[in-house]
Amino acid sequence: MTYLQSCSDFLERQPDQILTDDQIFGDKVMIRSVLANFYGRVTWGQHIGDWYSFTVLDEAGKSDQGPDNMQNFGNEHWRVSNYELIRNFNQFLKGLRESTVLNDTEKQEYEGEVRFLRAWTYFNMCRGLGGMPIVGDEVFEYISGMDVGSLQYPRATEAEMYDYIIAECEAASLMLPASTNTNAARANRWVALMLKARSAIYAGSLANYNNKMTSPIRTPGGEVGIAANLANAYYEKALQAAQEVINTSPYSLQLTKPDDLERNFYEALSVKTNNTEVIWARDHGYPGEGQQVNFTTMNIPGSHAEDIDRAAAGPILNLVEDFEYVDDRNGDIKIRDDQGNFIFYDDPLDAFANKDARLGGSVILPNALFRGTAVEVQAGHKVWNNGTWQTVTSTPGERDNAGRVITSANGPNRSNEQFINKSGFFFRKFLDETPGASTRGRNSDMWFPRFRFAEAVLIAAEAAMELGQQSIALGYINQIRSRAGIQPLASITVDDIIQERRVEFAFENHRYWDLKRFRRAHIIWNGVVNSPNAQHWALFPYLVVAPGTPNDGKFVFDRLTFSNSLHPRFFELRNYYNFIDLGWQNANPKIVLNPFQ
């Protein structure tokens, strides 16, 4: 086992030396240190410790030294298969149960945490690979000459794996405390119930929508594919767990600033102090050794940067337009009239007026405020010349003879130039406002929420809808929409669920998995050039230069592909499940391969 040196905060511990089990489980501090190490090892998928992870879907695009040429999704994309970690969990549980230095309450709570973390590991494994071997509490030890067949477990079915995760969450929830903890960094009862709810809603949607495909994706043994008749039972479990969180937990939809819903949403996701929304987060406490993340450093607008790094990526227009207007569900930005003429704005920010408040809380829009000052986003000038519009651009920050900025220091532009935005937008969600947070020497202590109260509400809405409980589903989804300041729905469909989750959970590691479980990924990311969904799009604002006309000094927009080279996202049927590594099968012939291998 690995000993982590003691320091003031539970999750701020670093590896120091290898100790024996007796040394570890004979010391409370050592036990806590190993548990802290486990929390540091369960980061997978999209997260703020890896800014590039946000650019591979339809949420953001890479601006750092120009857009890249990614189009296809790899067979191992975000694949998780960490049986070494599972073994470490089981070693810990064995030593914990035999330890004499902890009282029964401490043992129970620590066991609940580890069983939750083990379930979380299996969940991340299952949603990528389908059913995989479940080893229970076994700690395998190979002795020379023994029959290795006893160490080789076959893959569980996908349904069995979700059932195991759900059962472990139920058990862990009864062991864990109901109280909150600092920065939502550790598992409690509600964290376990959230994983139960998420696992059940995933299993239910897979049983439902996979079987509605023309050719359902499955293996003969059920390692991939869940029977359609199991869907309702999973939906019922998801609804029950979500409602328990909604009705009895200490969390709530955060609404501390009802007069400023944009700010309210930003704080509900990105400010730890007095937060009622976030149930479990990957916390990056400062000060601490190696805990800080550089998401703010890498993605801050250049006009607000405190170090050389900036503008590595930016949200794309695809996401921005999926946020509705207050009274119009079509969120397309109005840049041309019916005759194809420019629509003129006094301020580029005016184009986004009356949008879903979550947009301003998730994305820095052109001329919006960050740290109290405007983020100027201007691609160039639109010059009226002899009856036509001419586009004039420049080196970022350059001015014309009249002293007007042409292309702003923030961009956007379409060059391969580093540190210049390419989409027309910057991240707002998870961008740290703290002074010094965008410097290499400090970076940010921003957290990354994994579970929050809004997810419980939307899981309840989805499960109720699928169970035919329309009025209950509407009540839940309209709670979320009310906080966003947009019109309530009168009816609810699966498309509404996908849309609501899209904008509520932007940049929170949901989009990829949602489109997979609803079997929409291959439809939306269809690889078609200039597709409204698969292609990345940008929105470039321009200052109008038309002396002597009423539009001089106003702003117009061009809708452009994100880069000069076209690389629409292409999700193939084979991407619904990661491929099994052939080395795993060589080591264990009982491991069957996934579809399309």
# chains A, B, ... in the order shown; residues from 1 in each chain; ligands from 1
>>> residues_around(residues="segment 115-123 of chain A", least_positions_apart="6", cutoff="10 Å", atoms="only C-alpha atoms", output="PyMOL selection string")
chain A and resi 35+38-39+41-44+80-83+85-90+93+109+129-134+136-137+161-162+164-173+175-176+186-189+191-193+195-196+198-199+202
>>> write_last_selection(atoms="N, CA and C atoms", output="compact mmCIF listing (two decimals), in the first residue's frame")
# COMPACT_ATOMS: atom_id res chain seq x y z
N LEU A 35 -6.83 6.49 1.81
CA LEU A 35 -8.15 6.83 1.30
C LEU A 35 -8.09 8.12 0.47
N PHE A 38 -6.89 7.42 -2.95
CA PHE A 38 -7.92 6.85 -3.83
C PHE A 38 -8.73 7.95 -4.52
N TYR A 39 -9.09 8.97 -3.78
CA TYR A 39 -9.85 10.07 -4.38
C TYR A 39 -9.07 10.74 -5.52
N ARG A 41 -7.22 9.29 -7.60
CA ARG A 41 -7.00 8.36 -8.71
C ARG A 41 -8.26 8.09 -9.53
N VAL A 42 -9.33 8.79 -9.26
CA VAL A 42 -10.59 8.48 -9.94
C VAL A 42 -11.05 9.62 -10.85
N THR A 43 -10.12 10.16 -11.61
CA THR A 43 -10.45 11.24 -12.55
C THR A 43 -10.35 10.70 -13.97
N TRP A 44 -11.51 10.64 -14.64
CA TRP A 44 -11.56 10.14 -16.02
C TRP A 44 -12.45 11.03 -16.85
N VAL A 80 -11.90 3.29 -19.66
CA VAL A 80 -11.45 3.04 -18.29
C VAL A 80 -11.46 1.54 -18.05
N SER A 81 -10.34 1.01 -17.62
CA SER A 81 -10.26 -0.40 -17.18
C SER A 81 -9.12 -0.49 -16.20
N ASN A 82 -9.41 -0.24 -14.93
CA ASN A 82 -8.36 -0.11 -13.94
C ASN A 82 -8.57 -1.15 -12.83
N TYR A 83 -8.17 -2.38 -13.13
CA TYR A 83 -8.32 -3.44 -12.13
C TYR A 83 -7.24 -3.37 -11.05
N LEU A 85 -6.61 -0.58 -9.55
CA LEU A 85 -7.29 0.23 -8.56
C LEU A 85 -8.36 -0.58 -7.83
N ILE A 86 -9.10 -1.41 -8.57
CA ILE A 86 -10.09 -2.29 -7.92
C ILE A 86 -9.40 -3.18 -6.89
N ARG A 87 -8.26 -3.71 -7.25
CA ARG A 87 -7.51 -4.57 -6.32
C ARG A 87 -7.08 -3.77 -5.09
N ASN A 88 -6.63 -2.53 -5.31
CA ASN A 88 -6.24 -1.69 -4.16
C ASN A 88 -7.43 -1.40 -3.25
N PHE A 89 -8.59 -1.15 -3.85
CA PHE A 89 -9.79 -0.97 -3.02
C PHE A 89 -10.04 -2.21 -2.17
N ASN A 90 -9.95 -3.37 -2.78
CA ASN A 90 -10.24 -4.61 -2.05
C ASN A 90 -9.19 -4.90 -0.98
N LEU A 93 -10.16 -2.63 1.88
CA LEU A 93 -11.32 -3.11 2.62
C LEU A 93 -10.94 -4.26 3.55
N GLU A 109 -17.93 4.16 7.94
CA GLU A 109 -17.90 5.30 7.02
C GLU A 109 -16.79 5.15 5.99
N LEU A 129 -17.22 0.42 -21.82
CA LEU A 129 -16.93 -0.92 -22.31
C LEU A 129 -18.12 -1.87 -22.27
N GLY A 130 -19.17 -1.53 -21.51
CA GLY A 130 -20.23 -2.49 -21.26
C GLY A 130 -19.86 -3.35 -20.06
N GLY A 131 -20.44 -4.54 -19.98
CA GLY A 131 -20.14 -5.42 -18.86
C GLY A 131 -18.70 -5.88 -18.85
N MET A 132 -18.09 -5.86 -17.68
CA MET A 132 -16.72 -6.32 -17.50
C MET A 132 -16.67 -7.22 -16.26
N PRO A 133 -15.58 -7.95 -16.05
CA PRO A 133 -15.53 -8.85 -14.90
C PRO A 133 -15.77 -8.11 -13.57
N ILE A 134 -16.62 -8.68 -12.75
CA ILE A 134 -16.87 -8.16 -11.40
C ILE A 134 -16.17 -9.11 -10.43
N GLY A 136 -15.90 -8.64 -7.05
CA GLY A 136 -16.35 -8.57 -5.66
C GLY A 136 -15.27 -8.03 -4.75
N ASP A 137 -15.06 -8.69 -3.61
CA ASP A 137 -14.04 -8.26 -2.65
C ASP A 137 -12.74 -9.04 -2.80
N MET A 161 -23.69 -5.65 -14.50
CA MET A 161 -22.73 -4.66 -14.01
C MET A 161 -23.45 -3.45 -13.44
N TYR A 162 -24.48 -2.97 -14.15
CA TYR A 162 -25.26 -1.86 -13.59
C TYR A 162 -25.96 -2.27 -12.31
N TYR A 164 -24.90 -4.42 -10.13
CA TYR A 164 -23.88 -4.44 -9.08
C TYR A 164 -23.57 -3.03 -8.59
N ILE A 165 -23.40 -2.11 -9.53
CA ILE A 165 -23.11 -0.72 -9.15
C ILE A 165 -24.25 -0.15 -8.31
N ILE A 166 -25.47 -0.37 -8.74
CA ILE A 166 -26.65 0.13 -8.01
C ILE A 166 -26.71 -0.47 -6.62
N ALA A 167 -26.47 -1.78 -6.50
CA ALA A 167 -26.51 -2.44 -5.18
C ALA A 167 -25.41 -1.91 -4.27
N GLU A 168 -24.22 -1.70 -4.81
CA GLU A 168 -23.12 -1.17 -4.00
C GLU A 168 -23.43 0.25 -3.53
N CYS A 169 -24.06 1.04 -4.39
CA CYS A 169 -24.44 2.39 -3.99
C CYS A 169 -25.49 2.37 -2.88
N GLU A 170 -26.43 1.46 -2.99
CA GLU A 170 -27.44 1.33 -1.93
C GLU A 170 -26.78 0.97 -0.60
N ALA A 171 -25.85 0.01 -0.64
CA ALA A 171 -25.15 -0.39 0.58
C ALA A 171 -24.31 0.75 1.13
N ALA A 172 -23.58 1.43 0.26
CA ALA A 172 -22.71 2.53 0.70
C ALA A 172 -23.53 3.67 1.29
N SER A 173 -24.69 3.94 0.72
CA SER A 173 -25.50 5.06 1.20
C SER A 173 -25.93 4.86 2.65
N MET A 175 -24.08 3.39 4.87
CA MET A 175 -22.88 3.46 5.71
C MET A 175 -22.36 4.88 5.86
N LEU A 176 -22.71 5.73 4.91
CA LEU A 176 -22.11 7.05 4.85
C LEU A 176 -22.93 8.08 5.62
N ARG A 186 -15.67 14.77 -0.49
CA ARG A 186 -15.74 13.36 -0.11
C ARG A 186 -17.16 12.83 -0.28
N ALA A 187 -17.26 11.54 -0.42
CA ALA A 187 -18.56 10.91 -0.60
C ALA A 187 -19.35 10.93 0.71
N ASN A 188 -20.64 11.23 0.58
CA ASN A 188 -21.57 11.06 1.70
C ASN A 188 -22.77 10.27 1.17
N ARG A 189 -23.81 10.17 1.98
CA ARG A 189 -24.98 9.38 1.58
C ARG A 189 -25.54 9.84 0.24
N VAL A 191 -24.08 11.43 -2.25
CA VAL A 191 -23.21 11.12 -3.37
C VAL A 191 -23.48 9.70 -3.85
N ALA A 192 -23.59 8.77 -2.90
CA ALA A 192 -23.88 7.38 -3.26
C ALA A 192 -25.23 7.26 -3.94
N LEU A 193 -26.23 7.98 -3.45
CA LEU A 193 -27.55 7.93 -4.07
C LEU A 193 -27.55 8.57 -5.45
N LEU A 195 -25.02 8.45 -7.56
CA LEU A 195 -24.47 7.45 -8.48
C LEU A 195 -25.49 6.35 -8.75
N LYS A 196 -26.26 5.99 -7.74
CA LYS A 196 -27.34 5.02 -7.96
C LYS A 196 -28.32 5.56 -9.01
N ARG A 198 -27.85 7.93 -11.29
CA ARG A 198 -27.24 8.06 -12.61
C ARG A 198 -27.07 6.69 -13.27
N SER A 199 -26.62 5.71 -12.51
CA SER A 199 -26.44 4.37 -13.08
C SER A 199 -27.76 3.80 -13.55
N TYR A 202 -28.94 5.57 -16.74
CA TYR A 202 -28.15 5.10 -17.88
C TYR A 202 -28.64 3.73 -18.32
>>> residues_around(residues="Ser565 of chain A", least_positions_apart="2", cutoff="12 Å", atoms="only C-alpha atoms", output="number ranges by chain")
A: 66-71, 414-416, 529-530, 535-537, 560-563, 567-568
>>> closest_residue(among="A:Lys355, A:Lys107, A:Lys516, A:Arg569", to="Asp328 of chain A", atoms="only C-alpha atoms")
A:Lys355
>>> atom_distance(atom1="atom CA of Thr273 of chain A", atom2="atom CA of Ile48 of chain A")
19.2 Å
>>> select_by_dssp(residues="segment 164-298 of chain A", states="helix (DSSP H, G or I)", output="mmCIF file with C-alpha atoms, in the first residue's frame")
data_model
loop_
_atom_site.group_PDB
_atom_site.id
_atom_site.type_symbol
_atom_site.label_atom_id
_atom_site.label_comp_id
_atom_site.auth_asym_id
_atom_site.auth_seq_id
_atom_site.Cartn_x
_atom_site.Cartn_y
_atom_site.Cartn_z
ATOM 1 C CA TYR A 164 -23.878 -4.445 -9.083
ATOM 2 C CA ILE A 165 -23.112 -0.716 -9.149
ATOM 3 C CA ILE A 166 -26.647 0.132 -8.008
ATOM 4 C CA ALA A 167 -26.511 -2.440 -5.185
ATOM 5 C CA GLU A 168 -23.124 -1.170 -4.002
ATOM 6 C CA CYS A 169 -24.441 2.395 -3.986
ATOM 7 C CA GLU A 170 -27.441 1.329 -1.935
ATOM 8 C CA ALA A 171 -25.155 -0.390 0.585
ATOM 9 C CA ALA A 172 -22.714 2.532 0.697
ATOM 10 C CA SER A 173 -25.504 5.061 1.203
ATOM 11 C CA LEU A 174 -26.469 3.321 4.448
ATOM 12 C CA MET A 175 -22.883 3.461 5.710
ATOM 13 C CA THR A 182 -15.679 20.739 2.928
ATOM 14 C CA ASN A 183 -15.961 21.652 -0.755
ATOM 15 C CA ALA A 184 -18.057 18.512 -1.410
ATOM 16 C CA ARG A 189 -24.983 9.382 1.582
ATOM 17 C CA TRP A 190 -26.215 11.695 -1.142
ATOM 18 C CA VAL A 191 -23.209 11.124 -3.370
ATOM 19 C CA ALA A 192 -23.878 7.378 -3.260
ATOM 20 C CA LEU A 193 -27.552 7.932 -4.070
ATOM 21 C CA MET A 194 -26.625 10.193 -6.978
ATOM 22 C CA LEU A 195 -24.471 7.451 -8.480
ATOM 23 C CA LYS A 196 -27.338 5.022 -7.962
ATOM 24 C CA ALA A 197 -29.696 7.405 -9.773
ATOM 25 C CA ARG A 198 -27.236 8.058 -12.613
ATOM 26 C CA SER A 199 -26.435 4.369 -13.075
ATOM 27 C CA ALA A 200 -30.108 3.437 -13.128
ATOM 28 C CA ILE A 201 -31.048 6.148 -15.623
ATOM 29 C CA TYR A 202 -28.153 5.100 -17.880
ATOM 30 C CA ALA A 203 -29.214 1.465 -17.724
ATOM 31 C CA GLY A 204 -32.846 2.376 -18.357
ATOM 32 C CA SER A 205 -32.068 4.504 -21.394
ATOM 33 C CA LEU A 206 -29.755 1.832 -22.815
ATOM 34 C CA ALA A 207 -32.441 -0.823 -22.407
ATOM 35 C CA ASN A 208 -34.915 1.530 -24.041
ATOM 36 C CA TYR A 209 -33.104 3.245 -26.898
ATOM 37 C CA ASN A 210 -30.574 0.620 -27.935
ATOM 38 C CA ASN A 211 -33.455 -1.728 -28.646
ATOM 39 C CA LYS A 212 -35.168 0.902 -30.796
ATOM 40 C CA ALA A 228 -35.890 -3.804 -23.304
ATOM 41 C CA ASN A 229 -38.192 -5.279 -20.651
ATOM 42 C CA LEU A 230 -35.778 -4.155 -17.933
ATOM 43 C CA ALA A 231 -36.083 -0.462 -18.770
ATOM 44 C CA ASN A 232 -38.973 0.425 -16.485
ATOM 45 C CA ALA A 233 -37.429 -1.209 -13.422
ATOM 46 C CA TYR A 234 -34.304 0.891 -13.927
ATOM 47 C CA TYR A 235 -36.345 4.055 -14.452
ATOM 48 C CA GLU A 236 -38.201 3.361 -11.201
ATOM 49 C CA LYS A 237 -34.925 2.961 -9.304
ATOM 50 C CA ALA A 238 -33.577 6.161 -10.850
ATOM 51 C CA LEU A 239 -36.709 8.087 -9.886
ATOM 52 C CA GLN A 240 -36.697 6.746 -6.337
ATOM 53 C CA ALA A 241 -33.029 7.611 -5.744
ATOM 54 C CA ALA A 242 -33.309 11.052 -7.340
ATOM 55 C CA GLN A 243 -36.422 11.898 -5.334
ATOM 56 C CA GLU A 244 -34.700 10.843 -2.119
ATOM 57 C CA VAL A 245 -31.945 13.364 -2.868
ATOM 58 C CA ILE A 246 -34.473 16.034 -3.887
ATOM 59 C CA ASN A 247 -36.771 15.572 -0.889
ATOM 60 C CA THR A 248 -34.441 14.741 1.999
ATOM 61 C CA LEU A 261 -29.658 34.707 -12.959
ATOM 62 C CA GLU A 262 -26.496 34.629 -15.078
ATOM 63 C CA ARG A 263 -24.339 35.397 -12.076
ATOM 64 C CA ASN A 264 -26.391 33.012 -9.977
ATOM 65 C CA PHE A 265 -25.705 30.130 -12.353
ATOM 66 C CA TYR A 266 -21.984 30.889 -12.527
ATOM 67 C CA GLU A 267 -21.722 30.897 -8.735
ATOM 68 C CA ALA A 268 -23.780 27.712 -8.368
ATOM 69 C CA LEU A 269 -21.159 25.898 -10.449
ATOM 70 C CA SER A 270 -17.927 27.785 -9.894
ATOM 71 C CA PHE A 295 -7.822 25.646 -16.869
ATOM 72 C CA THR A 296 -8.099 29.370 -16.095
ATOM 73 C CA THR A 297 -4.467 29.996 -16.989
ATOM 74 C CA MET A 298 -4.858 28.344 -20.384
#
>>> residues_around(residues="Ile217 of chain A", least_positions_apart="4", cutoff="9 Å", atoms="only C-alpha atoms", output="PyMOL selection string")
chain A and resi 210-211+213+224-225+573+576+595
>>> write_last_selection(atoms="C-alpha atoms", output="compact mmCIF listing (two decimals), in the first residue's frame")
# COMPACT_ATOMS: atom_id res chain seq x y z
CA ASN A 210 -30.57 0.62 -27.93
CA ASN A 211 -33.45 -1.73 -28.65
CA MET A 213 -32.24 0.93 -33.24
CA VAL A 224 -23.25 -5.42 -24.41
CA GLY A 225 -26.98 -4.81 -24.63
CA LEU A 573 -21.54 2.79 -34.58
CA TYR A 576 -20.72 3.25 -28.83
CA PRO A 595 -19.23 -5.43 -31.32
>>> select_by_dssp(residues="segment 395-569 of chain A", states="strand (DSSP E)", output="list in words")
Phe426, Phe427, Phe448, Pro449, Arg450, Phe451, Arg452, Trp537, Ala538, Leu539, Phe540, Pro541, Tyr542, Leu543, Val544, Val545, Phe555, Val556, Phe557, Asp558, Arg559, Leu560 and Thr561 of chain A
>>> write_last_selection(atoms="N, CA and C atoms", output="mmCIF file, in the first residue's frame")
data_model
loop_
_atom_site.group_PDB
_atom_site.id
_atom_site.type_symbol
_atom_site.label_atom_id
_atom_site.label_comp_id
_atom_site.auth_asym_id
_atom_site.auth_seq_id
_atom_site.Cartn_x
_atom_site.Cartn_y
_atom_site.Cartn_z
ATOM 1 N N PHE A 426 -15.466 32.795 -25.133
ATOM 2 C CA PHE A 426 -14.564 32.255 -24.129
ATOM 3 C C PHE A 426 -15.372 31.482 -23.088
ATOM 4 N N PHE A 427 -14.695 30.580 -22.381
ATOM 5 C CA PHE A 427 -15.328 29.883 -21.263
ATOM 6 C C PHE A 427 -15.674 30.876 -20.152
ATOM 7 N N PHE A 448 -14.267 20.789 -9.818
ATOM 8 C CA PHE A 448 -15.001 20.268 -10.971
ATOM 9 C C PHE A 448 -16.152 19.413 -10.451
ATOM 10 N N PRO A 449 -17.386 19.921 -10.504
ATOM 11 C CA PRO A 449 -18.525 19.170 -9.962
ATOM 12 C C PRO A 449 -18.784 17.880 -10.739
ATOM 13 N N ARG A 450 -19.002 16.820 -9.993
ATOM 14 C CA ARG A 450 -19.352 15.533 -10.595
ATOM 15 C C ARG A 450 -20.832 15.219 -10.418
ATOM 16 N N PHE A 451 -21.365 15.561 -9.264
ATOM 17 C CA PHE A 451 -22.795 15.438 -9.023
ATOM 18 C C PHE A 451 -23.296 16.752 -8.445
ATOM 19 N N ARG A 452 -24.433 17.198 -8.902
ATOM 20 C CA ARG A 452 -25.061 18.357 -8.286
ATOM 21 C C ARG A 452 -26.575 18.207 -8.300
ATOM 22 N N TRP A 537 -18.750 25.433 -35.481
ATOM 23 C CA TRP A 537 -19.045 26.756 -36.044
ATOM 24 C C TRP A 537 -18.558 27.854 -35.106
ATOM 25 N N ALA A 538 -18.241 28.988 -35.700
ATOM 26 C CA ALA A 538 -17.782 30.165 -34.954
ATOM 27 C C ALA A 538 -18.660 31.361 -35.316
ATOM 28 N N LEU A 539 -18.641 32.378 -34.457
ATOM 29 C CA LEU A 539 -19.392 33.609 -34.713
ATOM 30 C C LEU A 539 -18.439 34.787 -34.538
ATOM 31 N N PHE A 540 -18.185 35.512 -35.632
ATOM 32 C CA PHE A 540 -17.212 36.600 -35.606
ATOM 33 C C PHE A 540 -17.926 37.947 -35.630
ATOM 34 N N PRO A 541 -17.702 38.791 -34.619
ATOM 35 C CA PRO A 541 -18.273 40.150 -34.627
ATOM 36 C C PRO A 541 -17.351 41.134 -35.360
ATOM 37 N N TYR A 542 -17.980 42.083 -36.070
ATOM 38 C CA TYR A 542 -17.226 43.096 -36.805
ATOM 39 C C TYR A 542 -17.770 44.489 -36.501
ATOM 40 N N LEU A 543 -16.875 45.439 -36.374
ATOM 41 C CA LEU A 543 -17.250 46.836 -36.248
ATOM 42 C C LEU A 543 -17.582 47.378 -37.639
ATOM 43 N N VAL A 544 -18.728 48.040 -37.743
ATOM 44 C CA VAL A 544 -19.154 48.604 -39.026
ATOM 45 C C VAL A 544 -18.462 49.953 -39.252
ATOM 46 N N VAL A 545 -17.829 50.091 -40.386
ATOM 47 C CA VAL A 545 -17.219 51.358 -40.793
ATOM 48 C C VAL A 545 -17.955 51.826 -42.048
ATOM 49 N N PHE A 555 -22.348 47.018 -34.921
ATOM 50 C CA PHE A 555 -21.689 45.722 -35.059
ATOM 51 C C PHE A 555 -22.565 44.760 -35.851
ATOM 52 N N VAL A 556 -21.894 43.904 -36.633
ATOM 53 C CA VAL A 556 -22.564 42.827 -37.356
ATOM 54 C C VAL A 556 -21.772 41.542 -37.125
ATOM 55 N N PHE A 557 -22.354 40.415 -37.542
ATOM 56 C CA PHE A 557 -21.726 39.117 -37.295
ATOM 57 C C PHE A 557 -21.672 38.288 -38.573
ATOM 58 N N ASP A 558 -20.613 37.497 -38.687
ATOM 59 C CA ASP A 558 -20.520 36.447 -39.696
ATOM 60 C C ASP A 558 -20.505 35.099 -38.996
ATOM 61 N N ARG A 559 -21.289 34.189 -39.534
ATOM 62 C CA ARG A 559 -21.279 32.796 -39.064
ATOM 63 C C ARG A 559 -20.325 32.015 -39.953
ATOM 64 N N LEU A 560 -19.268 31.466 -39.358
ATOM 65 C CA LEU A 560 -18.206 30.814 -40.119
ATOM 66 C C LEU A 560 -17.950 29.415 -39.583
ATOM 67 N N THR A 561 -17.415 28.551 -40.434
ATOM 68 C CA THR A 561 -16.907 27.297 -39.899
ATOM 69 C C THR A 561 -15.754 27.630 -38.952
#
>>> residues_around(residues="Lys590 of chain A", least_positions_apart="6", cutoff="9 Å", atoms="only C-alpha atoms", output="mmCIF file with N, CA and C atoms, in the first residue's frame")
data_model
loop_
_atom_site.group_PDB
_atom_site.id
_atom_site.type_symbol
_atom_site.label_atom_id
_atom_site.label_comp_id
_atom_site.auth_asym_id
_atom_site.auth_seq_id
_atom_site.Cartn_x
_atom_site.Cartn_y
_atom_site.Cartn_z
ATOM 1 N N GLN A 152 -9.212 -16.027 -13.656
ATOM 2 C CA GLN A 152 -9.801 -15.476 -14.875
ATOM 3 C C GLN A 152 -11.321 -15.462 -14.770
ATOM 4 N N TYR A 153 -11.862 -14.273 -14.653
ATOM 5 C CA TYR A 153 -13.306 -14.107 -14.576
ATOM 6 C C TYR A 153 -13.855 -13.711 -15.951
ATOM 7 N N PRO A 154 -15.002 -14.238 -16.343
ATOM 8 C CA PRO A 154 -15.617 -13.771 -17.580
ATOM 9 C C PRO A 154 -16.237 -12.389 -17.387
ATOM 10 N N ARG A 155 -16.575 -11.760 -18.481
ATOM 11 C CA ARG A 155 -17.274 -10.479 -18.400
ATOM 12 C C ARG A 155 -18.685 -10.684 -17.862
#
>>> closest_residue(among="A:Ala357, A:Ala312, A:Met465, A:Leu515", to="Arg502 of chain A", atoms="only C-alpha atoms")
A:Leu515
>>> residues_around(residues="Gln46 of chain A", least_positions_apart="2", cutoff="9 Å", atoms="only C-alpha atoms", output="JSON, numbers by chain")
{"A": [43, 44, 48, 49, 50, 51, 52, 53, 54, 78, 507, 508, 509, 510]}
>>> residues_around(residues="Gln469 of chain A", least_positions_apart="2", cutoff="12 Å", atoms="only C-alpha atoms", output="PyMOL selection string")
chain A and resi 235-236+239+460-467+471-476+491-493
>>> write_last_selection(atoms="C-alpha atoms", output="PDB file, in the first residue's frame")
ATOM      1  CA  TYR A 235     -36.345   4.055 -14.452  1.00  0.00           C
ATOM      2  CA  GLU A 236     -38.201   3.361 -11.201  1.00  0.00           C
ATOM      3  CA  LEU A 239     -36.709   8.087  -9.886  1.00  0.00           C
ATOM      4  CA  ALA A 460     -36.272  12.578 -11.891  1.00  0.00           C
ATOM      5  CA  ALA A 461     -37.780  14.413 -14.868  1.00  0.00           C
ATOM      6  CA  GLU A 462     -36.418  11.876 -17.336  1.00  0.00           C
ATOM      7  CA  ALA A 463     -37.408   8.826 -15.326  1.00  0.00           C
ATOM      8  CA  ALA A 464     -40.910  10.151 -14.667  1.00  0.00           C
ATOM      9  CA  MET A 465     -41.369  10.966 -18.355  1.00  0.00           C
ATOM     10  CA  GLU A 466     -40.298   7.477 -19.411  1.00  0.00           C
ATOM     11  CA  LEU A 467     -42.680   5.966 -16.843  1.00  0.00           C
ATOM     12  CA  SER A 471     -47.135  15.984 -14.804  1.00  0.00           C
ATOM     13  CA  ILE A 472     -44.363  14.948 -12.421  1.00  0.00           C
ATOM     14  CA  ALA A 473     -41.773  15.142 -15.197  1.00  0.00           C
ATOM     15  CA  LEU A 474     -42.949  18.616 -16.179  1.00  0.00           C
ATOM     16  CA  GLY A 475     -42.776  19.826 -12.618  1.00  0.00           C
ATOM     17  CA  TYR A 476     -39.156  18.810 -12.361  1.00  0.00           C
ATOM     18  CA  SER A 491     -45.290  18.850 -22.476  1.00  0.00           C
ATOM     19  CA  ILE A 492     -42.062  16.884 -22.345  1.00  0.00           C
ATOM     20  CA  THR A 493     -40.244  14.549 -24.734  1.00  0.00           C
TER      21      THR A 493
END
>>> closest_residue(among="A:Phe140, A:Gly221, A:Asn124, A:Ala379", to="Glu160 of chain A", atoms="only C-alpha atoms")
A:Gly221
>>> closest_residue(among="A:Asp163, A:Glu223, A:Glu398, A:Glu141", to="Ile580 of chain A", atoms="only C-alpha atoms")
A:Glu223
>>> closest_residue(among="A:Leu359, A:Leu349, A:Ala490, A:Val392", to="Val375 of chain A", atoms="only C-alpha atoms")
A:Leu349
>>> closest_residue(among="A:Gln470, A:Ile308, A:Gly553, A:Trp280", to="Val405 of chain A", atoms="only C-alpha atoms")
A:Gly553
